Amino acid sequence: MSADFPTVEIAVDGDDLLVTGEGISTDRRSRLFFKSVLGASPIADGWRCARRLGTVGSLVVRVNTFLESAGYAVVRGGVADREVQREIERRRSFLRTRGAAQAFKEGRAGVDVAAVKGQLDTFGWLPSRVLRPHQEQGVAHAISAGNAANFAVPGSGKTAVALAVATTHLASATIDLVVVIGPLSCFAPWERETDLALGERLPTYRVRGPALRRRALYGSVKSRSLLLLSYATAASDKTALIELCKTHDVMLIVDESHRIKRFRGGLWAPALIQIAKHARVRMILSGTPMPESGRDLYSQLNVLWPGGELTGPRDSFAARAETQFGTVLRDVSPFISRVGKDALGLRPYEVYRRDVPLLGTQAEIYELIFSRFRRRVEAASTWADKLDALRRARPIRLLQAASNPDLFNRHDMFYRLPRVQADNPTLMDRLATFGSHETPAKSEAALRLIAEIAEAREKVVCWSNFVGNLDDFSELVRRRLGVPCFQIDGRVPAGDEPTDDIGSGLRRNPEDVDTRERIIDRFLDEGGAAVLVTNPASCSESISLHRSCHNAIYLDRTYDCAQFLQSIDRIHRLGLAPDTVVRVYVLRATLNDEPTIDHLVDASLSGKETVMRELLEGAELRPMALSSDPADDAEGTSEDVGALLRYLLGEQDDTASSE
């Protein structure tokens with residue numbers, strides 16, 4: 001060895017790593033690394049490094065990487081050498097896979113779609129379940145990339161793509177078991193898609209219930225099966241799932257993967273990353289992978305490649321995502337598939353705005369709330385103080401007044417709004433008696449619309465952001481129209497509990513338990529007209545209503561544009577017949593023929609829509625910059641609050657005018 005490259009030897013001693021060699025204990029940089037970073041103990045001519053987190057193998061690789069980067073010639077033997085060689089081969093494998101994925105993206109090479117179809121047919125893919133061209137490309141990309149992220153837009157059929165990828169791997173014996181981890185709401189779509197595409201060729205099991213029952217299912221599951229787990233179950237059963245990966249060749253699919261976007265801390269993401277290390281093939285699915293920022297990709301990409309090949313260290317990824325996000329996307333793009341909504345070939349939906357005059361007591365209550373807000377902002381001195389006062393007054397209160405004043409008599413847990421308490425006896429008297437003698441104006445207008453839609457024997461979904469309004473409106477529909485009415489909100493369980501027979505395949509709920517998926521099925525299967533009353537917070541991800549519902553009525557909307565567009569996606573998505581007309585009705589309150597806050601919200605959403613559509617539906621992948629707290633997006637940006645302030649002060653511009 002040259003004198004320029006001092007020799008250092010590393011060896012495994014139980015759970016410790018011994019590092020010895022000339023100068024290794026005195027060199028300043030080495031002392032900083034071993035003592036301060038690793039917490040190693042000094043020994044004669046070197047260091048003893050105790051394993052703390054991770055495996056001895058990962059410690060060997062980390063120390064070896066440091067020593068080589070510091071200019072040492074490293075001598076390894078036994079376990080230490082095997083671990084380093086394994087790491088070298090892992091990195092080479094990643095580079096080979098990356099090259100294949102990049103070649104596919106550039107059109108230079110890739111998987112033959114016809115060959116993939118042949119494998120699907122061999123396994124038993126039903127000819128009635130035809131994949132669309134963009135789905136075929138998604139399957140081919142995932143096979144080329146090995147471990148792939150499908151970030152196609154909501155409503156594009158990502159479940160079918162992932163199922164086809166899994167089937168291709170099953171047909172070629174790359175895997176023998178499929179494990180899907182996602183929100184409870186994804187269970188029914190996976191079961192439905194599997195039944196449509198494969199019939200009984202791929203038995204599907206929900207892993208639910210007590211721990212003992214879940215362990216029994218893991219122990220009895222047979223090859224060529226699909227398991228469905230929630231994030232919470234997967235985190236709780238991490239050790240059992242790792243053992244399952246050791247006894248089977250598992251394809252791990254994480255659905256709605258943005259649910260594990262938490263950058264630091266949490267339980268779900270670390271557990272899934274540990275499980276992913278033992279899976280043969282990995283795939284993640286999300287239509288909105290970056291709801292807040294580029295950092296949202298970190299945990300998701302580490303499920304895809306658990307060695308950190310796509311992200312590097314956490315802090316350096318955060319810095320790159322903040323200042324060089326374009327380079328981050330360029331580096332990870334070979335493994336990501338993204339399809340814009342234009343590729344789905346859907347007929348554009350039609351939007352109808354209906355202005356509804358506020359009358360009687362509701363008009364008086366709206367004026368009283370409006371006056372309270374105006375006095376509050378007028379009392380503040382500077383513009384900044386006025387904005388702050390308006391924020392603290394909770395702008396969403398005006399939306400409640402325009403929608404249903406009876407909401408002031410109730411506590412809203414979602415938006416953290418207490419019952420209104422006021423010194424003004426006039427206001428309190430009007431609030432206390434409102435629900436007993438008056439129907440909200442927009443609810444009356446919605447009832448008239450539903451009657452028209454029901455006459456044509458069509459279904460409609462009615463949206464409101466306030467649970468109290470859902471209760472009141474559902475009762476109105478049943479009492480006044482006699483149309484079958486179904487309601488879903490946060491009080492309805494998202495998933496089910498299995499029966500005692502864990503070997504019976506698909507498990508259903510006990511008959512006395514109503515869940516969101518059961519209610520949706522009953523709504524969609526209703527023979528004629530039917531109404532679903534729900535809120536965006538409870539009926540968004542993994543929910544499809546387009547099978548038989550093509551109308552939507554908005555009793556109210558907030559400033560959250562992403563939530564509004566995602567709610568439309570429930571009825572405007574892949575699978576619609578080409579001639580299907582999807583109609584969206586937006587109700588806006590007016591007062592004395594003048595616009596109300598509903599018009600401000602409408603103007604704001606119209607202004608945000610182009611940008612938000614690009615983020616939600618465009619082929620380009622970008623962060624959406626949403627808040628971590630839904631209430632913040634609901635009450636608007638600084639620009640929205642400024643427009644509301646001008647409205648309160650009588651300075652609104654034409655954007656808030658009635659159309």
# chains A, B, ... in the order shown; residues from 1 in each chain; ligands from 1

call {"tool": "residues_around", "arguments": {"residues": "range 258-262 of chain A", "least_positions_apart": "3", "cutoff": "12 Å", "atoms": "only C-alpha atoms", "output": "PyMOL selection string"}}
result
chain A and resi 149-151+181-184+230-232+235+254-255+265-273+284-303+314+541+623+628

call {"tool": "residues_around", "arguments": {"residues": "Pro133 in chain A", "least_positions_apart": "5", "cutoff": "10 Å", "atoms": "only C-alpha atoms", "output": "short mmCIF file (atom, residue, chain, number, x, y, z; two decimals) with C-alpha atoms, in the first residue's frame"}}
result
data_model
loop_
_atom_site.label_atom_id
_atom_site.label_comp_id
_atom_site.auth_asym_id
_atom_site.auth_seq_id
_atom_site.Cartn_x
_atom_site.Cartn_y
_atom_site.Cartn_z
CA VAL A 113 -46.86 -4.38 -23.84
CA GLY A 138 -48.34 2.48 -16.47
CA VAL A 139 -48.01 -1.30 -16.23
CA ALA A 343 -55.30 11.35 -21.14
CA LEU A 344 -58.53 9.91 -19.72
#

call {"tool": "closest_residue", "arguments": {"among": "A:Asn465, A:Glu438, A:Asp521, A:Ser544", "to": "Gln563 in chain A", "atoms": "only C-alpha atoms"}}
result
A:Asn465

call {"tool": "select_by_dssp", "arguments": {"residues": "range 36-261 of chain A", "states": "strand (DSSP E or B)", "output": "number ranges by chain"}}
result
A: 41-43, 46-50, 73-76, 148-150, 177-182, 204-206, 225-230, 250-254

call {"tool": "residues_around", "arguments": {"residues": "range 474-484 of chain A", "least_positions_apart": "4", "cutoff": "9 Å", "atoms": "only C-alpha atoms", "output": "VMD selection string"}}
result
chain A and resid 439 443 447 450 to 451 454 469 to 470 523 526 529 to 533

call {"tool": "select_by_dssp", "arguments": {"residues": "range 345-445 of chain A", "states": "helix (DSSP H, G or I)", "output": "ChimeraX atom specification"}}
result
/A:360-378,383-393,396-403,405-409,425-437,441-445

call {"tool": "atom_distance", "arguments": {"atom1": "CA of Pro405 in chain A", "atom2": "CA of Glu364 in chain A"}}
result
10.2 Å

call {"tool": "closest_residue", "arguments": {"among": "A:Arg391, A:Arg419, A:Arg82, A:Arg48", "to": "Ala634 in chain A", "atoms": "only C-alpha atoms"}}
result
A:Arg391
